[in-house]
Every structure is written in C-alpha cells, then in structure tokens.
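Structure file target31.txt with compact mmCIF, C-alpha atoms and all ligand atoms:
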# COMPACT_ATOMS: atom_id res chain seq x y z
CA MET A 29 -22.74 13.12 -20.38
CA TYR A 30 -21.62 16.22 -22.25
CA ARG A 31 -18.13 15.57 -23.62
CA LYS A 32 -15.83 18.52 -23.71
CA GLU A 33 -13.96 18.60 -26.98
CA TYR A 34 -10.53 18.68 -25.37
CA ALA A 35 -11.37 15.53 -23.41
CA ASN A 36 -10.87 13.47 -26.58
CA PHE A 37 -7.17 14.38 -26.56
CA TYR A 38 -6.46 12.94 -23.12
CA GLY A 39 -6.82 9.21 -22.51
CA PHE A 40 -6.66 7.26 -19.25
CA LEU A 41 -5.41 3.71 -18.81
CA GLY A 42 -5.75 2.27 -15.31
CA ILE A 43 -3.85 -0.95 -14.56
CA GLY A 44 -4.41 -2.92 -11.33
CA GLN A 45 -6.60 -1.84 -8.46
CA PHE A 46 -5.24 1.67 -7.91
CA GLY A 47 -5.29 2.28 -11.66
CA ASN A 48 -8.85 1.01 -11.95
CA ASN A 49 -10.10 3.10 -9.00
CA ALA A 50 -8.26 6.32 -9.68
CA THR A 51 -9.33 6.64 -13.33
CA ARG A 52 -13.08 6.36 -12.48
CA LYS A 53 -13.68 10.08 -12.05
CA PHE A 54 -11.93 10.86 -15.31
CA GLU A 55 -14.25 8.54 -17.21
CA GLU A 56 -17.27 10.06 -15.43
CA ALA A 57 -16.01 13.50 -16.51
CA GLY A 58 -16.02 12.41 -20.15
CA TYR A 59 -12.40 11.41 -20.82
CA PRO A 60 -11.85 8.12 -22.72
CA CYS A 61 -10.73 5.41 -20.36
CA VAL A 62 -9.66 1.76 -20.35
CA ILE A 63 -9.18 -0.25 -17.17
CA ALA A 64 -7.15 -3.47 -17.16
CA ASN A 65 -6.49 -6.04 -14.48
CA SER A 66 -5.21 -9.56 -13.97
CA SER A 67 -7.97 -10.21 -11.44
CA VAL A 68 -11.58 -10.73 -12.51
CA GLU A 69 -12.72 -10.02 -8.96
CA ASP A 70 -10.93 -6.66 -8.88
CA LEU A 71 -12.42 -5.70 -12.25
CA SER A 72 -15.91 -6.66 -11.17
CA THR A 73 -15.76 -4.19 -8.26
CA ILE A 74 -15.58 -1.36 -10.79
CA LYS A 75 -19.13 -0.73 -11.81
CA ASN A 76 -20.09 1.34 -14.83
CA ALA A 77 -16.68 1.20 -16.50
CA LYS A 78 -17.16 1.19 -20.26
CA ASN A 79 -13.93 -0.51 -21.28
CA LYS A 80 -12.69 -3.33 -19.07
CA LEU A 81 -9.85 -5.60 -20.11
CA HIS A 82 -9.10 -8.78 -18.23
CA PHE A 83 -5.61 -10.11 -18.93
CA LYS A 84 -6.06 -13.60 -20.34
CA ASN A 85 -4.85 -16.35 -17.99
CA GLY A 86 -4.63 -13.87 -15.13
CA SER A 87 -6.08 -14.48 -11.70
CA GLY A 88 -4.36 -11.69 -9.74
CA CYS A 89 -0.62 -11.25 -9.25
CA HIS A 90 -0.52 -11.06 -5.41
CA LYS A 91 2.20 -8.39 -5.58
CA ASN A 92 4.39 -10.52 -7.83
CA ARG A 93 5.83 -8.18 -10.47
CA LYS A 94 7.36 -11.06 -12.45
CA LYS A 95 3.96 -12.65 -12.85
CA SER A 96 2.61 -9.35 -14.13
CA LYS A 97 5.37 -9.07 -16.74
CA ALA A 98 4.66 -12.61 -17.95
CA LEU A 99 0.97 -11.74 -18.29
CA LEU A 100 1.82 -8.60 -20.22
CA LYS A 101 3.74 -10.69 -22.73
CA GLU A 102 0.66 -12.81 -23.39
CA ASN A 103 -1.71 -9.81 -23.54
CA LEU A 104 0.38 -7.09 -25.11
CA GLU A 105 -1.28 -6.96 -28.52
CA VAL A 106 -4.77 -6.95 -27.01
CA LEU A 107 -3.81 -4.12 -24.67
CA ILE A 108 -2.35 -2.00 -27.48
CA ASP A 109 -5.43 -2.63 -29.66
CA GLU A 110 -7.75 -1.73 -26.79
CA VAL A 111 -6.07 1.62 -26.20
CA ARG A 112 -5.86 2.36 -29.91
CA SER A 113 -9.49 1.53 -30.62
CA LYS A 114 -11.12 3.04 -27.51
CA MET A 115 -9.28 6.36 -27.62
CA PRO A 116 -8.37 7.05 -31.23
CA ALA A 117 -7.87 10.83 -30.96
CA ILE A 118 -5.63 11.09 -27.90
CA THR A 119 -2.36 13.00 -27.92
CA THR A 120 -1.52 12.20 -24.29
CA LEU A 121 -2.17 8.99 -22.40
CA PHE A 122 -2.09 8.94 -18.59
CA ILE A 123 -1.18 5.48 -17.30
CA PHE A 124 -2.19 4.91 -13.68
CA ALA A 125 -0.69 2.04 -11.63
CA SER A 126 0.44 1.72 -8.01
CA SER A 127 4.12 1.18 -7.27
CA ALA A 128 3.56 -1.34 -4.48
CA GLY A 129 1.26 -3.92 -6.09
CA GLY A 130 1.98 -6.67 -8.58
CA THR A 131 -0.18 -6.23 -11.69
CA GLY A 132 0.16 -2.46 -12.14
CA SER A 133 3.68 -2.02 -10.81
CA GLY A 134 5.09 -4.95 -12.77
CA MET A 135 3.98 -3.73 -16.17
CA LEU A 136 3.79 0.06 -15.78
CA ALA A 137 7.23 1.00 -17.13
CA ALA A 138 7.12 -1.50 -19.98
CA VAL A 139 3.62 -0.46 -21.05
CA ALA A 140 4.65 3.21 -20.93
CA LYS A 141 7.61 2.62 -23.20
CA ILE A 142 5.79 0.31 -25.61
CA LEU A 143 2.77 2.60 -26.00
CA SER A 144 4.94 5.65 -26.45
CA LYS A 145 6.77 3.92 -29.32
CA THR A 146 3.82 2.21 -30.97
CA LEU A 147 1.21 4.98 -30.65
CA GLU A 148 3.68 7.86 -30.93
CA ILE A 149 1.89 9.91 -28.29
CA ASN A 150 2.94 11.58 -25.08
CA ILE A 151 2.79 9.25 -22.09
CA CYS A 152 2.35 10.51 -18.52
CA ILE A 153 2.65 8.21 -15.53
CA VAL A 154 0.50 8.46 -12.41
CA THR A 155 1.66 6.21 -9.59
CA VAL A 156 1.18 6.06 -5.83
CA LEU A 157 3.74 5.24 -3.12
CA PRO A 158 2.88 2.89 -0.25
CA SER A 159 1.98 4.29 3.18
CA LYS A 160 4.23 3.72 6.18
CA SER A 161 2.09 0.87 7.43
CA GLU A 162 2.75 -1.47 4.54
CA ASN A 163 5.18 -4.40 4.34
CA PHE A 164 8.42 -5.46 2.75
CA GLN A 165 6.91 -6.60 -0.55
CA SER A 166 5.26 -3.23 -1.16
CA TYR A 167 8.48 -1.35 -0.47
CA ALA A 168 10.62 -3.69 -2.57
CA ASN A 169 8.18 -3.45 -5.49
CA THR A 170 8.30 0.35 -5.27
CA ILE A 171 12.10 0.41 -5.47
CA GLU A 172 12.08 -2.00 -8.42
CA LEU A 173 9.51 0.12 -10.26
CA PHE A 174 11.45 3.34 -9.78
CA GLN A 175 14.63 1.70 -11.03
CA GLU A 176 12.68 1.08 -14.24
CA ILE A 177 11.06 4.53 -14.35
CA GLU A 178 14.42 6.22 -13.91
CA LYS A 179 15.63 4.60 -17.13
CA LEU A 180 12.63 5.63 -19.26
CA ASP A 181 13.68 8.31 -21.69
CA CYS A 182 10.50 8.51 -23.75
CA ILE A 183 7.84 9.73 -21.36
CA GLY A 184 6.46 13.06 -20.21
CA ALA A 185 5.33 14.04 -16.72
CA THR A 186 5.37 11.58 -13.82
CA PHE A 187 2.85 12.29 -11.05
CA ILE A 188 3.84 10.56 -7.81
CA LEU A 189 1.04 10.43 -5.27
CA ASP A 190 1.87 9.31 -1.75
CA ASN A 191 -0.44 7.24 0.43
CA SER A 192 1.46 8.38 3.53
CA LYS A 193 -0.02 11.85 2.93
CA HIS A 194 -3.65 10.99 3.66
CA ARG A 195 -5.41 8.39 5.77
CA ASP A 196 -8.04 7.77 3.12
CA LYS A 197 -6.44 6.54 -0.07
CA LEU A 198 -9.61 7.01 -2.11
CA LYS A 199 -9.59 10.68 -1.10
CA ILE A 200 -6.14 10.94 -2.71
CA ASN A 201 -7.71 9.73 -5.98
CA ASP A 202 -10.43 12.38 -5.73
CA ILE A 203 -8.04 15.21 -4.96
CA PHE A 204 -5.76 14.24 -7.83
CA PHE A 205 -8.75 14.22 -10.16
CA THR A 206 -9.66 17.80 -9.21
CA HIS A 207 -6.04 18.88 -9.81
CA LEU A 208 -5.48 17.26 -13.18
CA ASP A 209 -8.97 17.97 -14.49
CA ALA A 210 -8.53 21.67 -13.64
CA LEU A 211 -5.22 21.74 -15.51
CA LEU A 212 -6.65 19.97 -18.57
CA ALA A 213 -9.79 22.14 -18.55
CA ASN A 214 -7.55 25.18 -18.91
CA GLU A 215 -10.17 27.77 -17.99
CA ASN A 216 -8.46 31.14 -17.91
CA GLY A 217 -7.70 34.18 -19.96
CA SER A 218 -7.87 37.95 -20.09
CA ASP A 219 -5.97 40.74 -21.80
CA TYR A 220 -3.32 40.17 -19.15
CA GLY A 221 -2.52 36.67 -20.35
CA CYS A 222 -3.84 33.24 -21.22
CA LEU A 223 -2.34 29.81 -20.76
CA ASP A 224 -3.28 27.99 -23.96
CA ARG A 225 -3.66 24.37 -25.06
CA SER A 226 -0.18 24.09 -26.57
CA GLU A 227 1.29 25.25 -23.24
CA ILE A 228 -0.74 22.67 -21.32
CA ASP A 229 0.61 20.01 -23.67
CA GLN A 230 4.16 21.29 -23.30
CA LEU A 231 3.81 21.03 -19.52
CA LEU A 232 2.58 17.43 -19.87
CA ARG A 233 5.42 16.53 -22.22
CA THR A 234 8.01 17.65 -19.66
CA SER A 235 9.84 14.67 -18.21
CA GLY A 236 10.43 14.43 -14.48
CA MET A 237 8.21 14.60 -11.45
CA ALA A 238 5.18 16.87 -11.62
CA LEU A 239 2.93 18.52 -9.02
CA ILE A 240 -0.35 20.38 -9.33
CA SER A 241 -2.24 22.45 -6.82
CA LYS A 242 -5.69 23.94 -7.06
CA LEU A 243 -6.98 26.62 -4.71
CA GLY A 244 -10.03 28.86 -4.57
CA LYS A 245 -9.63 32.55 -5.33
CA ASP A 246 -9.52 33.52 -1.65
CA ASN A 247 -6.42 31.40 -1.21
CA SER A 248 -4.09 32.92 -3.80
CA ASP A 249 -1.52 33.47 -1.03
CA LYS A 250 -1.33 29.74 -0.24
CA ILE A 251 -0.09 28.49 -3.62
CA ILE A 252 3.45 27.74 -2.43
CA SER A 253 2.46 26.06 0.81
CA SER A 254 -0.09 23.91 -1.05
CA LEU A 255 2.72 22.62 -3.25
CA THR A 256 5.26 22.03 -0.49
CA ASP A 257 3.19 20.59 2.34
CA GLY A 258 -0.25 19.33 3.17
CA ASN A 259 -0.69 17.88 -0.30
CA ILE A 260 -1.04 14.39 -1.77
CA TYR A 261 2.31 14.16 -3.58
CA ALA A 262 5.67 12.65 -2.66
CA PRO A 263 7.81 15.33 -0.99
CA ILE A 264 9.96 17.19 -3.49
CA GLU A 265 13.76 17.41 -3.39
CA GLN A 266 15.19 20.71 -2.19
CA ASN A 267 17.61 21.06 -5.13
CA LYS A 268 15.66 23.73 -7.03
CA VAL A 269 15.65 21.73 -10.25
CA VAL A 270 12.52 22.60 -12.24
CA LYS A 271 11.86 22.75 -15.99
CA TYR A 272 8.51 24.50 -16.55
CA ILE A 273 5.90 26.20 -14.38
CA GLY A 274 2.30 26.77 -15.40
CA LEU A 275 0.05 29.08 -13.39
CA MET A 276 -3.56 29.93 -14.03
CA SER A 277 -4.27 32.67 -11.56
CA CYS A 278 -7.57 34.15 -10.42
CA ASN A 279 -5.88 37.54 -10.48
CA VAL A 280 -4.77 39.69 -13.39
CA GLN A 281 -1.38 40.67 -11.96
CA VAL A 282 0.78 37.64 -11.26
CA GLU A 283 3.97 37.69 -9.18
CA MET A 284 6.25 34.70 -9.77
CA ASP A 285 9.32 35.64 -7.68
CA GLU A 286 8.32 33.70 -4.59
CA ILE A 287 7.51 30.62 -6.66
CA TYR A 288 10.94 30.80 -8.33
CA SER A 289 12.73 31.25 -5.04
CA GLN A 290 10.95 28.19 -3.64
CA PHE A 291 11.19 25.81 -6.61
CA GLY A 292 14.04 27.24 -8.70
CA MET A 293 14.26 29.09 -12.01
CA PRO A 294 12.44 27.22 -14.78
CA ILE A 295 13.24 27.18 -18.51
CA ASP A 296 9.92 28.97 -19.03
CA SER A 297 6.68 29.86 -17.22
CA TYR A 298 3.24 29.87 -18.77
CA ILE A 299 0.89 32.26 -17.04
CA GLY A 300 -2.83 32.63 -17.40
CA THR A 301 -5.07 35.14 -15.65
CA GLN A 302 -8.68 35.47 -14.49
CA SER A 303 -9.06 31.77 -13.92
CA PRO A 304 -12.00 30.55 -11.78
CA ALA A 305 -9.43 28.83 -9.50
CA ASN A 306 -5.70 29.17 -8.87
CA VAL A 307 -4.09 26.20 -10.60
CA CYS A 308 -0.34 25.80 -10.48
CA ALA A 309 1.69 23.04 -12.18
CA ILE A 310 5.36 22.51 -11.41
CA MET A 311 6.99 20.27 -14.00
CA GLY A 312 10.38 18.62 -14.48
CA LEU A 313 11.36 18.15 -10.85
CA THR A 314 13.83 15.42 -10.02
CA LEU A 315 12.37 12.15 -8.75
CA PRO A 316 11.78 12.14 -4.95
CA ARG A 317 15.13 10.62 -4.01
CA THR A 318 14.80 11.25 -0.26
CA ARG A 319 11.36 9.64 0.04
CA LEU A 320 12.36 6.71 -2.18
CA ASN A 321 15.47 6.09 -0.11
CA GLU A 322 13.32 6.13 3.00
CA ILE A 323 11.21 3.40 1.36
CA LYS A 324 14.39 1.49 0.45
CA MET A 325 15.50 1.71 4.09
CA MET A 326 12.13 0.39 5.24
CA ALA A 327 12.52 -2.52 2.81
CA GLN A 328 16.02 -3.22 4.13
CA THR A 329 14.95 -3.01 7.76
CA ASN A 330 12.05 -5.31 7.05
CA VAL A 331 14.32 -7.77 5.24
CA GLU A 332 16.63 -7.89 8.24
CA ILE A 333 13.79 -8.37 10.68
CA ILE A 334 12.14 -11.03 8.52
CA LYS A 335 15.47 -12.85 7.96
CA LYS A 336 16.31 -12.77 11.63
CA ASN A 337 12.90 -14.05 12.52
CA MET A 338 13.14 -16.79 9.93
CA GLU A 339 16.61 -17.80 11.15
CA SER A 340 15.36 -18.09 14.68
CA ALA A 341 12.48 -20.12 13.35
CA ASN A 342 15.03 -22.42 11.69
CA GLU A 343 16.66 -23.13 15.03
CA SER A 344 15.80 -26.42 16.56
CA LEU A 345 12.69 -26.18 18.67
CA PHE A 346 14.58 -27.41 21.76
CA GLU A 347 18.04 -26.43 22.86
CA ASP A 348 19.24 -29.85 24.05
CA SER A 349 18.85 -33.02 22.20
CA VAL A 350 15.99 -34.85 23.63
CA ASP A 351 15.54 -38.56 23.62
CA PHE A 352 12.37 -39.63 25.21
CA ILE A 353 12.49 -43.10 23.77
CA GLY A 354 14.57 -44.55 26.57
CA ALA A 355 13.25 -42.10 29.12
CA PHE A 356 11.96 -44.77 31.42
CA ASP A 357 14.72 -47.27 30.80
CA SER A 358 16.55 -46.29 33.95
CA VAL A 359 13.51 -46.50 36.16
CA PRO A 360 14.46 -49.21 38.64
CA GLN A 361 12.69 -52.34 37.82
CA LYS A 362 10.58 -53.79 40.47
CA LYS A 363 12.66 -56.10 42.51
CA VAL A 364 12.31 -59.53 41.08
CA GLU A 365 10.66 -61.30 43.81
CA THR A 366 11.94 -64.65 44.53
CA LYS A 367 9.28 -67.06 43.77
CA VAL A 368 7.41 -68.14 46.81
CA SER A 369 5.41 -71.21 46.87
CA SER A 370 1.90 -71.49 48.17
CA LEU A 371 3.21 -73.48 51.00
CA ASP A 372 5.62 -70.69 51.93
CA ILE A 373 2.75 -68.20 51.98
CA LEU A 374 0.82 -70.51 54.03
CA GLY A 375 3.85 -70.72 56.30
CA GLU A 376 3.41 -66.94 56.96
CA PHE A 377 0.15 -67.74 58.58
CA LEU A 378 1.09 -70.63 60.53
N1 LIG B 1 -4.37 6.10 -3.30
C1 LIG B 1 -4.79 4.88 -3.61
N2 LIG B 1 -3.99 3.81 -3.36
C2 LIG B 1 -4.44 2.60 -3.69
C3 LIG B 1 -5.72 2.38 -4.28
N3 LIG B 1 -5.87 1.04 -4.48
C4 LIG B 1 -4.74 0.44 -4.05
N4 LIG B 1 -3.86 1.38 -3.57
C5 LIG B 1 -2.51 1.14 -3.07
O1 LIG B 1 -1.83 0.39 -4.07
C6 LIG B 1 -0.97 -0.59 -3.48
C7 LIG B 1 -1.41 -1.96 -3.90
O2 LIG B 1 -1.50 -1.96 -5.30
P1 LIG B 1 -2.77 -2.44 -6.15
O3 LIG B 1 -3.06 -1.38 -7.14
O4 LIG B 1 -3.86 -2.88 -5.24
O5 LIG B 1 -2.12 -3.71 -6.83
P2 LIG B 1 -2.43 -4.35 -8.24
O6 LIG B 1 -1.79 -3.57 -9.29
O7 LIG B 1 -3.89 -4.62 -8.34
O8 LIG B 1 -1.58 -5.70 -8.13
P3 LIG B 1 -1.90 -7.15 -7.45
O9 LIG B 1 -3.25 -7.05 -6.78
O10 LIG B 1 -0.78 -7.36 -6.49
O11 LIG B 1 -1.88 -8.07 -8.58
C8 LIG B 1 -1.05 -0.35 -2.00
O12 LIG B 1 -0.04 0.55 -1.63
C9 LIG B 1 -2.45 0.26 -1.84
O13 LIG B 1 -2.56 1.03 -0.66
C10 LIG B 1 -6.53 3.52 -4.53
O14 LIG B 1 -7.65 3.45 -5.06
N5 LIG B 1 -6.01 4.73 -4.19
MG MG B 2 -5.01 -6.30 -7.57

The structure in this file should be written as structure tokens.
Amino acid sequence: MYRKEYANFYGFLGIGQFGNNATRKFEEAGYPCVIANSSVEDLSTIKNAKNKLHFKNGSGCHKNRKKSKALLKENLEVLIDEVRSKMPAITTLFIFASSAGGTGSGMLAAVAKILSKTLEINICIVTVLPSKSENFQSYANTIELFQEIEKLDCIGATFILDNSKHRDKLKINDIFFTHLDALLANENGSDYGCLDRSEIDQLLRTSGMALISKLGKDNSDKIISSLTDGNIYAPIEQNKVVKYIGLMSCNVQVEMDEIYSQFGMPIDSYIGTQSPANVCAIMGLTLPRTRLNEIKMMAQTNVEIIKKNMESANESLFEDSVDFIGAFDSVPQKKVETKVSSLDILGEFL
C-alpha cells in the first residue's frame, strides 16, 4: 500500500483486545503498528498484522490488572525494543488499551510513562470506557486506570471513547479511525488559512481529554452538536476548560464564536480552510469526571449487591438446626409381645 510520508511520524501500539482491534485500520492505512497481548488466542484472531508481540509467560489476564503489571515487568525490554525497531521515525505514539480489561488496562499508564521517557516522543492515549451492561470488575478496573492516568504528567492528548455511546463496539473503532486519520492527514489550505503539521503536532501534545469530529461539507452547521452529542466519546464536563482548538473547515470564512461559547476560550485556535471535510479537534479538556463518577457509583452499587448476595449465601442453608440422625428414635417401638408358646397359639384354636 502507498505510504503517505507523514504516516511514518505517527505510530500505533495496541495492547489487549481493544488495542489490537482498534489499531487495525491504522495499519491498513499505512501507519506503523505493533499489537501486543498476553493471550495467544486473542492475538491469533488478528489476521494480517505485521508486528505481533506475545508477552512471554502470558496466557490472558482475565481482567486482572495486577497480573498484567507483573507480565509487563517480565516483558518490558522486549516491548520497548519492538516499538523502537518497528517505528523508528515516529514523533507521536498512540497507545490503545481498554480501561475495563486486564492486559491493556493494567499496563497502559505505566507503558505510556516509560515510553515517553525512554523514547522521548509524544505519547497519546486512546482508551474506551465500559458500556452500562458490564460488571463490577470492568467498572473497578476503569476507576483504577483513571487514578493512574490522572497522575501522568508526561503525556499528550487522551482520547476517551465510550462503549455506552454505540451498540456496536467495532463501529466505534471505525468511527475513531476516520476522525484521527482525517486530523493526521491534514488536508486543507487556501489563501484564507492553512492548519499545518506543526499545529497538528501541537494539538496532539496538549494534555487532557481530546475530541475530534468529522463532517461532510453539507454539514458545516452541525460541528458543535457532533462534538457534544451523538458521538463516540465520553461526555465532556460543562466547565468550559479547553486548551487548543483545531478546525479544518470546508469553507473559506470561519466563525469560531459559537465554538468558543460552547467549549470555552482556548489558549489558541488553529484554523485551516478549504478542507475536503470539516474536521474539528478540541484539546485539553478536563477528564470526564461526571461519567467516571457514574462508573464509580456502578462499581459501588455492584459491590454492595455482590456482598449482600454473598453474605446471604454464607448463611446456613436451613434456619433451624436439623438433626435427622435421631429422627426416628422417638417412633414408638412395636410393643414387645410377650412370648407365646406354640401350645398357647394352639390354645387359641381349641
Ligand atoms: N470499542 C471497543 N471496545 C472493545 C473492543 N474490544 C474489547 N472492548 C471492550 O474492552 C473491554 C474489555 O477489554 P479487553 O481489551 O478485551 O481486555 P484485554 O486488555 O484484552 O484484557 P484481558 O482479556 O482481561 O486480559 C470491554 O469493555 C469491551 O467491551 C473493541 O474492539 N472495540
Ligand atoms: Mg484479552
């Protein structure tokens, strides 16, 4: 496949099942990509991936984040070498891992920090929140991961997809691909303005939550609504905290006032014109506190239900003590018949 020159600057590392699935389209589009997993079975479902890494001694982490961290310790050098050798020219690495699972969630924050320090490149995180039909372990893992993400001070943009936003989780992967690929492709420019490569990279280096929307040229009026509802991202906080906004517009005249009044006043906006599609990136939002607290509540409710159920299961099966051993002891014994002699019996007939 024809490899666009800029594609060499952006690498993709997918850890765990979500990471492995959601990076597929990027590899097909010509970006360098490595997928890693603790499970051989999971890895084997990904056909045509060029660079697969199985974590030595791993056989899946069954949503156990501790297990994933232990595996990372054993496989850290191999993972670093794999990224370094398979994508030597990258300036930004996107690390994809779900928040709810074991393998990806357990090592995501640590891998982000380690690769940012050792490779000295910009790291962006792409994670996905569990839908409302998942269980305690998924919610608890998500909260644990975000406690780690919150402390990271060395990464760029964090894209938070949300499986409660679409019934088909694979569709979420596809939509995100079209968004990010359009931003990285950076097709725009006229005498009225151009959003250039250094601005794309500045957007990606901006810490905090990030959103992208992509709309056809007949839908220029729907940019705001596509960022606030009906999208694939975790709902944003209504605090108007935003750092940078990038907009590649199909038009030549671009009005930003409505975008500022919806999202807040950014440090700077980068605006490009005559783009084949309307692509808008909102960077440096605060993490989705409301949605994450909802997930924490679901974890707590589930814990209470599970505990209560387990307690009732601990109760003795039967309310009263039961002792069947002597159950028939009190049954009146057959009257001991006084021994009758044969002659007596005979007497009955005489
Ligand atoms: N949107 C989307 N969500 C996915 C995909 N694959 C898994 N998920 C979600 O990710 C969570 C489970 O995480 P996985 O990525 O399967 O877990 P893992 O990292 O492989 O970890 P273990 O299997 O527990 O070792 C659940 O919330 C799934 O719904 C995917 O391709 N797309
Ligand atoms: Mg898995």

*Identify the residues within 10 Å of coordinate (10.4, 18.4, 3.9) (same frame as the file), considering all atoms listed in the file, and give the answer as number ranges by chain.*
A: 256-257, 262-266, 318-319

*So which residues touch Asp249 (chain A) within 12 Å, counting only C-alpha atoms, skipping near sequence neighbours fewer than 6 positions away, as JSON, numbers by chain?*
{"A": [243, 255, 277, 278, 279, 282, 283, 284, 286, 287, 306]}

*CA of Ala305 (chain A) and CA of Ala125 (chain A) are how many Å apart?*
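Computing the Euclidean distance for CA of Ala305 (chain A) and CA of Ala125 (chain A) yields 28.3 Å.
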
_Top pick for closest residue to ligand LIG 1 (chain B), considering A:Ile260, A:Leu223, A:Ile252, A:Ile142 and counting only C-alpha atoms and all ligand atoms_ = A:Ile260

_CA of Asn163 (chain A) to CA of Ile333 (chain A), straight-line distance in Å_ = 11.4 Å

_I'd like the interatomic distance between CA of Ala213 (chain A) and atom N2 of ligand LIG 1 (chain B), to a tenth of an Å._
24.5 Å

*All residues 10 Å or closer to Gln45 (chain A), all atoms listed in the file, same chain fewer than 2 positions away omitted, as a VMD selection string*: chain A and resid 42 to 43 47 to 50 63 to 67 70 to 71 73 to 74 124 to 126 129 to 132

*Give me the residues within 12 Å of region 51-56 of chain A as number ranges by chain, counting only C-alpha atoms and dropping any in the same chain fewer than 2 places off.*
A: 29-32, 35-36, 38-49, 58-64, 73-80, 115, 121-125, 154-155, 198-210, 212-213

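Contact shell of Gly134 (chain A) at 6 Å (all atoms listed in the file; same-chain neighbours under 4 positions omitted): Arg93, Ser96, Lys97 and Gly130 of chain A.
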
*What would the list of residues within 9 Å of (6.1, 6.6, -26.5) (file frame) look like as JSON, numbers by chain, if all atoms listed in the file are what count?*
{"A": [140, 141, 142, 143, 144, 145, 146, 147, 148, 149, 150, 151, 182, 183]}

Show which residues sit within 12 Å of Glu178 (chain A), as a compact mmCIF listing (two decimals) with C-alpha atoms, in the coordinates of the input. Count only C-alpha atoms, and ignore same-chain residues fewer than 5 positions away.
# COMPACT_ATOMS: atom_id res chain seq x y z
CA ALA A 137 7.23 1.00 -17.13
CA ILE A 171 12.10 0.41 -5.47
CA GLU A 172 12.08 -2.00 -8.42
CA LEU A 173 9.51 0.12 -10.26
CA ILE A 183 7.84 9.73 -21.36
CA THR A 186 5.37 11.58 -13.82
CA SER A 235 9.84 14.67 -18.21
CA GLY A 236 10.43 14.43 -14.48
CA MET A 237 8.21 14.60 -11.45
CA THR A 314 13.83 15.42 -10.02
CA LEU A 315 12.37 12.15 -8.75
CA PRO A 316 11.78 12.14 -4.95
CA ARG A 317 15.13 10.62 -4.01
CA LEU A 320 12.36 6.71 -2.18

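Distances to ligand MG 2 (chain B) were evaluated for A:Ser218, A:Gln302, A:Ser226, A:Ser133 using all atoms listed in the file, and the minimum falls at A:Ser133.
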
*asked:* For a quick check of understanding, using only C-alpha atoms and all ligand atoms, which of A:Ser340, A:Asn92, A:Asn191, A:Ser254 has the smallest distance to ligand MG 2 (chain B)?
replied: A:Asn92

Set up a box along x, y and z of the file covering all listed atoms of region 271-275 of chain A, add 4 Å on every one of the six sides, and write the centre and edge lengths in Å to one decimal, as JSON.
{"center_x": 6.0, "center_y": 25.9, "center_z": -15.0, "size_x": 19.8, "size_y": 14.3, "size_z": 11.2}
